[in-house]
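Asker: This one is structure_34.cif, mmCIF, C-alpha atoms.
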data_my_file
#
loop_
_atom_site.group_PDB
_atom_site.id
_atom_site.type_symbol
_atom_site.label_atom_id
_atom_site.label_comp_id
_atom_site.auth_asym_id
_atom_site.auth_seq_id
_atom_site.Cartn_x
_atom_site.Cartn_y
_atom_site.Cartn_z
ATOM 1 C CA MET A 1 125.394 112.334 76.317
ATOM 2 C CA LYS A 2 127.111 115.483 75.097
ATOM 3 C CA ALA A 3 125.251 118.209 73.275
ATOM 4 C CA PRO A 4 124.867 117.249 69.614
ATOM 5 C CA GLN A 5 127.159 118.615 66.952
ATOM 6 C CA LEU A 6 125.378 120.985 64.573
ATOM 7 C CA ALA A 7 125.625 120.686 60.794
ATOM 8 C CA ALA A 8 124.025 122.054 57.644
ATOM 9 C CA GLY A 9 123.210 119.876 54.631
ATOM 10 C CA ILE A 10 122.642 121.763 51.390
ATOM 11 C CA PHE A 11 120.778 120.047 48.563
ATOM 12 C CA THR A 12 121.150 121.955 45.326
ATOM 13 C CA PHE A 13 119.146 121.088 42.216
ATOM 14 C CA ASP A 14 118.922 122.404 38.668
ATOM 15 C CA ASP A 15 116.095 122.599 36.118
ATOM 16 C CA GLN A 16 117.114 119.259 34.560
ATOM 17 C CA GLU A 17 116.152 117.170 37.631
ATOM 18 C CA ARG A 18 119.753 116.857 38.759
ATOM 19 C CA ALA A 19 121.296 117.150 42.204
ATOM 20 C CA LEU A 20 124.694 118.686 42.828
ATOM 21 C CA LEU A 21 126.765 116.191 44.799
ATOM 22 C CA ILE A 22 130.313 116.109 46.052
ATOM 23 C CA GLU A 23 132.386 112.963 45.718
ATOM 24 C CA GLY A 24 134.511 112.935 48.840
ATOM 25 C CA SER A 25 138.250 113.058 48.395
ATOM 26 C CA SER A 26 140.090 109.776 48.974
ATOM 27 C CA ARG A 27 141.943 111.586 51.792
ATOM 28 C CA LYS A 28 138.756 112.164 53.809
ATOM 29 C CA ARG A 29 138.299 110.175 57.010
ATOM 30 C CA LEU A 30 134.540 109.838 56.502
ATOM 31 C CA TRP A 31 132.756 109.135 53.229
ATOM 32 C CA SER A 32 135.843 109.089 51.031
ATOM 33 C CA ASN A 33 135.008 108.267 47.400
ATOM 34 C CA MET A 34 131.273 108.462 48.199
ATOM 35 C CA PHE A 35 128.744 110.989 46.907
ATOM 36 C CA ASN A 36 127.281 113.329 49.493
ATOM 37 C CA ALA A 37 125.350 116.570 49.735
ATOM 38 C CA ILE A 38 127.234 119.801 50.240
ATOM 39 C CA GLY A 39 127.568 120.790 53.874
ATOM 40 C CA GLY A 40 129.415 120.753 57.126
ATOM 41 C CA HIS A 41 129.557 121.876 60.713
ATOM 42 C CA ILE A 42 128.005 125.068 62.024
ATOM 43 C CA GLU A 43 130.717 127.225 63.517
ATOM 44 C CA ARG A 44 130.586 129.378 66.623
ATOM 45 C CA GLY A 45 128.778 132.648 65.950
ATOM 46 C CA GLU A 46 126.834 131.316 62.947
ATOM 47 C CA ASP A 47 123.155 130.667 62.628
ATOM 48 C CA ILE A 48 122.037 127.786 60.430
ATOM 49 C CA PHE A 49 121.681 129.992 57.328
ATOM 50 C CA ASP A 50 125.129 131.554 57.813
ATOM 51 C CA ALA A 51 126.629 128.066 57.964
ATOM 52 C CA ALA A 52 124.697 126.806 54.935
ATOM 53 C CA TYR A 53 125.749 129.732 52.745
ATOM 54 C CA ARG A 54 129.370 129.513 53.956
ATOM 55 C CA GLU A 55 129.612 125.764 53.347
ATOM 56 C CA LEU A 56 127.993 126.102 49.918
ATOM 57 C CA GLU A 57 130.462 128.799 48.873
ATOM 58 C CA GLU A 58 133.482 126.963 50.324
ATOM 59 C CA GLU A 59 132.664 123.662 48.625
ATOM 60 C CA THR A 60 131.194 124.874 45.310
ATOM 61 C CA GLY A 61 131.908 128.576 44.816
ATOM 62 C CA ILE A 62 128.146 129.258 44.649
ATOM 63 C CA LYS A 63 127.283 132.636 46.168
ATOM 64 C CA GLU A 64 124.048 133.799 44.556
ATOM 65 C CA ILE A 65 121.328 131.324 45.452
ATOM 66 C CA LEU A 66 118.217 131.388 47.581
ATOM 67 C CA LEU A 67 118.290 128.612 50.168
ATOM 68 C CA GLN A 68 115.112 127.354 51.760
ATOM 69 C CA PHE A 69 115.152 125.687 55.168
ATOM 70 C CA CYS A 70 113.173 122.475 54.809
ATOM 71 C CA GLY A 71 113.850 120.339 57.843
ATOM 72 C CA GLN A 72 116.005 118.866 60.564
ATOM 73 C CA ILE A 73 117.280 115.373 61.286
ATOM 74 C CA MET A 74 118.761 114.093 64.560
ATOM 75 C CA ILE A 75 121.447 111.474 64.042
ATOM 76 C CA ASP A 76 122.642 109.252 66.873
ATOM 77 C CA VAL A 77 126.146 108.442 65.688
ATOM 78 C CA ARG A 78 127.266 106.696 68.886
ATOM 79 C CA ASP A 79 125.935 106.337 72.412
ATOM 80 C CA ASP A 80 127.776 109.526 73.381
ATOM 81 C CA LEU A 81 127.570 111.504 70.118
ATOM 82 C CA GLY A 82 124.720 112.976 68.138
ATOM 83 C CA VAL A 83 124.438 115.342 65.184
ATOM 84 C CA ALA A 84 121.628 117.796 64.475
ATOM 85 C CA LEU A 85 121.506 118.170 60.688
ATOM 86 C CA PHE A 86 119.633 121.194 59.306
ATOM 87 C CA LEU A 87 118.380 120.653 55.745
ATOM 88 C CA PHE A 88 118.393 123.302 53.023
ATOM 89 C CA ARG A 89 117.172 123.249 49.450
ATOM 90 C CA GLY A 90 118.214 125.527 46.607
ATOM 91 C CA ILE A 91 117.874 125.787 42.829
ATOM 92 C CA TYR A 92 121.022 126.729 40.916
ATOM 93 C CA LEU A 93 120.600 127.524 37.232
ATOM 94 C CA GLU A 94 123.840 129.074 36.031
ATOM 95 C CA GLY A 95 127.427 129.817 36.820
ATOM 96 C CA ARG A 96 130.734 128.128 37.214
ATOM 97 C CA LEU A 97 131.328 125.693 40.046
ATOM 98 C CA THR A 98 134.609 125.854 41.960
ATOM 99 C CA PRO A 99 135.796 122.536 43.401
ATOM 100 C CA SER A 100 137.383 122.389 46.841
ATOM 101 C CA PRO A 101 139.801 120.069 48.629
ATOM 102 C CA GLU A 102 136.700 118.356 50.076
ATOM 103 C CA GLY A 103 136.091 116.550 46.781
ATOM 104 C CA SER A 104 134.910 116.762 43.178
ATOM 105 C CA LEU A 105 131.521 118.181 42.162
ATOM 106 C CA PHE A 106 129.079 116.333 39.916
ATOM 107 C CA TRP A 107 125.513 116.890 38.714
ATOM 108 C CA LYS A 108 123.641 113.575 39.025
ATOM 109 C CA HIS A 109 120.132 112.952 37.687
ATOM 110 C CA ILE A 110 117.581 112.172 40.390
ATOM 111 C CA ASP A 111 116.553 108.951 38.621
ATOM 112 C CA ALA A 112 120.170 107.665 38.463
ATOM 113 C CA LEU A 113 121.116 107.941 42.124
ATOM 114 C CA ASN A 114 120.999 104.164 42.611
ATOM 115 C CA GLU A 115 123.880 103.878 40.107
ATOM 116 C CA ILE A 116 126.407 105.735 42.280
ATOM 117 C CA LYS A 117 127.929 105.147 45.704
ATOM 118 C CA LEU A 118 125.853 107.481 47.897
ATOM 119 C CA VAL A 119 126.390 108.150 51.585
ATOM 120 C CA GLU A 120 123.719 105.841 52.984
ATOM 121 C CA ASP A 121 121.308 108.427 54.398
ATOM 122 C CA LEU A 122 121.077 110.292 51.064
ATOM 123 C CA THR A 123 118.981 107.423 49.731
ATOM 124 C CA TYR A 124 116.270 108.744 52.076
ATOM 125 C CA LEU A 125 117.075 112.452 52.220
ATOM 126 C CA LEU A 126 117.607 113.351 48.558
ATOM 127 C CA PRO A 127 114.129 112.355 47.342
ATOM 128 C CA SER A 128 112.469 114.014 50.350
ATOM 129 C CA VAL A 129 114.321 117.296 49.886
ATOM 130 C CA TYR A 130 113.917 117.199 46.097
ATOM 131 C CA GLU A 131 110.121 116.859 46.412
ATOM 132 C CA TYR A 132 109.852 119.489 49.173
ATOM 133 C CA ASN A 133 107.788 122.565 48.268
ATOM 134 C CA THR A 134 107.228 125.851 50.064
ATOM 135 C CA GLY A 135 104.356 125.378 52.494
ATOM 136 C CA ASP A 136 104.965 121.656 53.012
ATOM 137 C CA PRO A 137 105.476 120.472 56.587
ATOM 138 C CA LEU A 138 109.137 120.471 57.555
ATOM 139 C CA ILE A 139 111.057 117.244 57.060
ATOM 140 C CA VAL A 140 111.725 116.003 60.591
ATOM 141 C CA GLY A 141 113.322 112.744 61.513
ATOM 142 C CA LYS A 142 115.940 110.828 63.386
ATOM 143 C CA TYR A 143 118.475 108.158 62.564
ATOM 144 C CA HIS A 144 120.302 105.645 64.645
ATOM 145 C CA TYR A 145 122.292 102.495 64.087
ATOM 146 C CA ASP A 146 121.149 99.128 65.410
ATOM 147 C CA GLN A 147 123.486 96.651 67.097
ATOM 148 C CA LYS A 148 124.487 95.228 63.701
ATOM 149 C CA GLY A 149 125.452 98.680 62.402
ATOM 150 C CA ASN A 150 122.397 99.067 60.141
ATOM 151 C CA LEU A 151 121.007 102.556 59.665
ATOM 152 C CA ILE A 152 117.453 102.918 61.024
ATOM 153 C CA VAL A 153 115.595 105.958 59.639
ATOM 154 C CA ASN A 154 112.382 107.427 61.049
ATOM 155 C CA PHE A 155 110.565 110.420 59.583
ATOM 156 C CA ARG A 156 107.571 112.122 61.193
#
Would you kindly transcribe this structure into structure tokens?
Answerer:
Amino acid sequence: MKAPQLAAGIFTFDDQERALLIEGSSRKRLWSNMFNAIGGHIERGEDIFDAAYRELEEETGIKEILLQFCGQIMIDVRDDLGVALFLFRGIYLEGRLTPSPEGSLFWKHIDALNEIKLVEDLTYLLPSVYEYNTGDPLIVGKYHYDQKGNLIVNFR
């Protein structure tokens, strides 16, 4: 198996119990027309915080926010491909959002997430990251797909 790809997932919340999500453009190969967290691949020369802040600014225009590292998930995408996803949490209270070609931005209430088409792992991740507090143990887990293509999620 090759070394895993590295990615940052940024979960941004406001003081009204809403999460900032991006609805993927219909032109995207993966997760088109589905709601996802902000994020993307970690580029050469970046640490995980550099990547998280860059992705957040590229996809939302948000620059001034304190991000908190809150965990890491290993995802076995295929037999020969894995992704290490580093999780970040931030609170954003004011300012104008700037959409990107990646998709449209929406604030969605935490209690209404079952009403939208979420990328399947967000059903597990969003509540965990939302409830995460400084001093809590890091969120650590792994995902894989069974032979029928069902997502299997395990958290420590």
Asker: Check which residues satisfy the PyMOL selection byres ((chain A and resi 78) around 12) in the file shown, then give them as a compact mmCIF listing (two decimals) with C-alpha atoms, in the coordinates of the input.
Answerer:
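Output below, filename expr_2.txt:
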# COMPACT_ATOMS: atom_id res chain seq x y z
CA MET A 1 125.39 112.33 76.32
CA LYS A 2 127.11 115.48 75.10
CA PRO A 4 124.87 117.25 69.61
CA ILE A 75 121.45 111.47 64.04
CA ASP A 76 122.64 109.25 66.87
CA VAL A 77 126.15 108.44 65.69
CA ASP A 79 125.94 106.34 72.41
CA ASP A 80 127.78 109.53 73.38
CA LEU A 81 127.57 111.50 70.12
CA GLY A 82 124.72 112.98 68.14
CA VAL A 83 124.44 115.34 65.18
CA TYR A 143 118.48 108.16 62.56
CA HIS A 144 120.30 105.64 64.64
CA TYR A 145 122.29 102.50 64.09
CA ASP A 146 121.15 99.13 65.41
CA GLN A 147 123.49 96.65 67.10
CA GLY A 149 125.45 98.68 62.40
CA LEU A 151 121.01 102.56 59.66
Asker: Can you measure atom CA of A:Gly135 to atom CA of A:Gly90 for me? One decimal in Å is fine.
Answerer: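 Atom CA of A:Gly135 sits 15.1 Å away from atom CA of A:Gly90.
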Asker: Do you know which residues are at most 8 Å from stretch 44-54 of chain A counting all atoms listed in the file, after dropping those on the same chain fewer than 6 positions away, and could you put them as a list of chain:residue names?
Answerer: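 Contacts, with the query itself left out: A:Ala7, A:Ala8, A:Gly9, A:Ile10, A:Lys63, A:Leu67, A:Phe86, A:Phe88.
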Asker: Could you please take those selected residues and save C-alpha atoms as a compact mmCIF listing (two decimals), in the coordinates of the input?
Answerer:
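Final file, out_6.txt:
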# COMPACT_ATOMS: atom_id res chain seq x y z
CA ALA A 7 125.62 120.69 60.79
CA ALA A 8 124.02 122.05 57.64
CA GLY A 9 123.21 119.88 54.63
CA ILE A 10 122.64 121.76 51.39
CA LYS A 63 127.28 132.64 46.17
CA LEU A 67 118.29 128.61 50.17
CA PHE A 86 119.63 121.19 59.31
CA PHE A 88 118.39 123.30 53.02
Asker: Grab the atom CA of A:Ile22 to atom CA of A:Phe35 distance for me, in Å with one decimal place.
Answerer: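 Going from atom CA of A:Ile22 over to atom CA of A:Phe35, I get 5.4 Å.
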Asker: Rank nothing, just name the residue among A:Ser100, A:Asn150, A:Asn133, A:Gln72 nearest to A:Glu59, using only C-alpha atoms.
Answerer: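 Closest candidate: A:Ser100.
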Asker: Rank nothing, just name the residue among A:Leu126, A:Leu85, A:Tyr92, A:Asp14 nearest to A:Val140, using only C-alpha atoms.
Answerer: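 Residue with the minimum atom-to-atom distance to A:Val140: A:Leu85.
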Asker: Atom CA of A:Asp136 to atom CA of A:Ile116: how many Å, to one decimal?
Answerer: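 Separating atom CA of A:Asp136 from atom CA of A:Ile116 is a distance of 28.8 Å.
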Asker: Kindly indicate which residue among A:Pro137, A:Tyr132, A:Met34, A:Lys148 lies nearest to A:Glu120, using all atoms listed in the file for the distances.
Answerer: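 Nearest to A:Glu120: A:Met34.
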Asker: Evaluated on this file, the PyMOL selection byres ((chain A and resi 13) around 9) picks out some residues - which ones are they, written as a ChimeraX atom specification?
Answerer: /A:11-12,14-20,89-93,107,130
Asker: Within 12 Å of A:Tyr124, counting only C-alpha atoms, which residues qualify if same-chain residues fewer than 2 places away don't, as a PyMOL selection string?
Answerer: chain A and resi 73+113-114+118-122+126-131+139+141-143+151-155
Asker: Around (133.0, 118.3, 43.9) in the file's own coordinates, what residues are found within 7 Å if you use all atoms listed in the file, given back as a list of chain:residue names?
Answerer: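 Checked against the point, the hits come out as A:Leu21, A:Ile22, A:Glu23, A:Thr60, A:Pro99, A:Ser100, A:Gly103, A:Ser104, A:Leu105, A:Phe106.
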Asker: When the PyMOL selection byres ((chain A and resi 41) around 6) is applied to the structure above, which residues does it catch, written out as an MDAnalysis selection string?
Answerer: chainID A and resid 6:7 40 42
Asker: Using all atoms listed in the file, pick whichever of A:Cys70, A:Ile62, A:Leu138, A:Leu125 has the shortest atom-to-atom distance to A:Asn36.
Answerer: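 Nearest to A:Asn36: A:Leu125.
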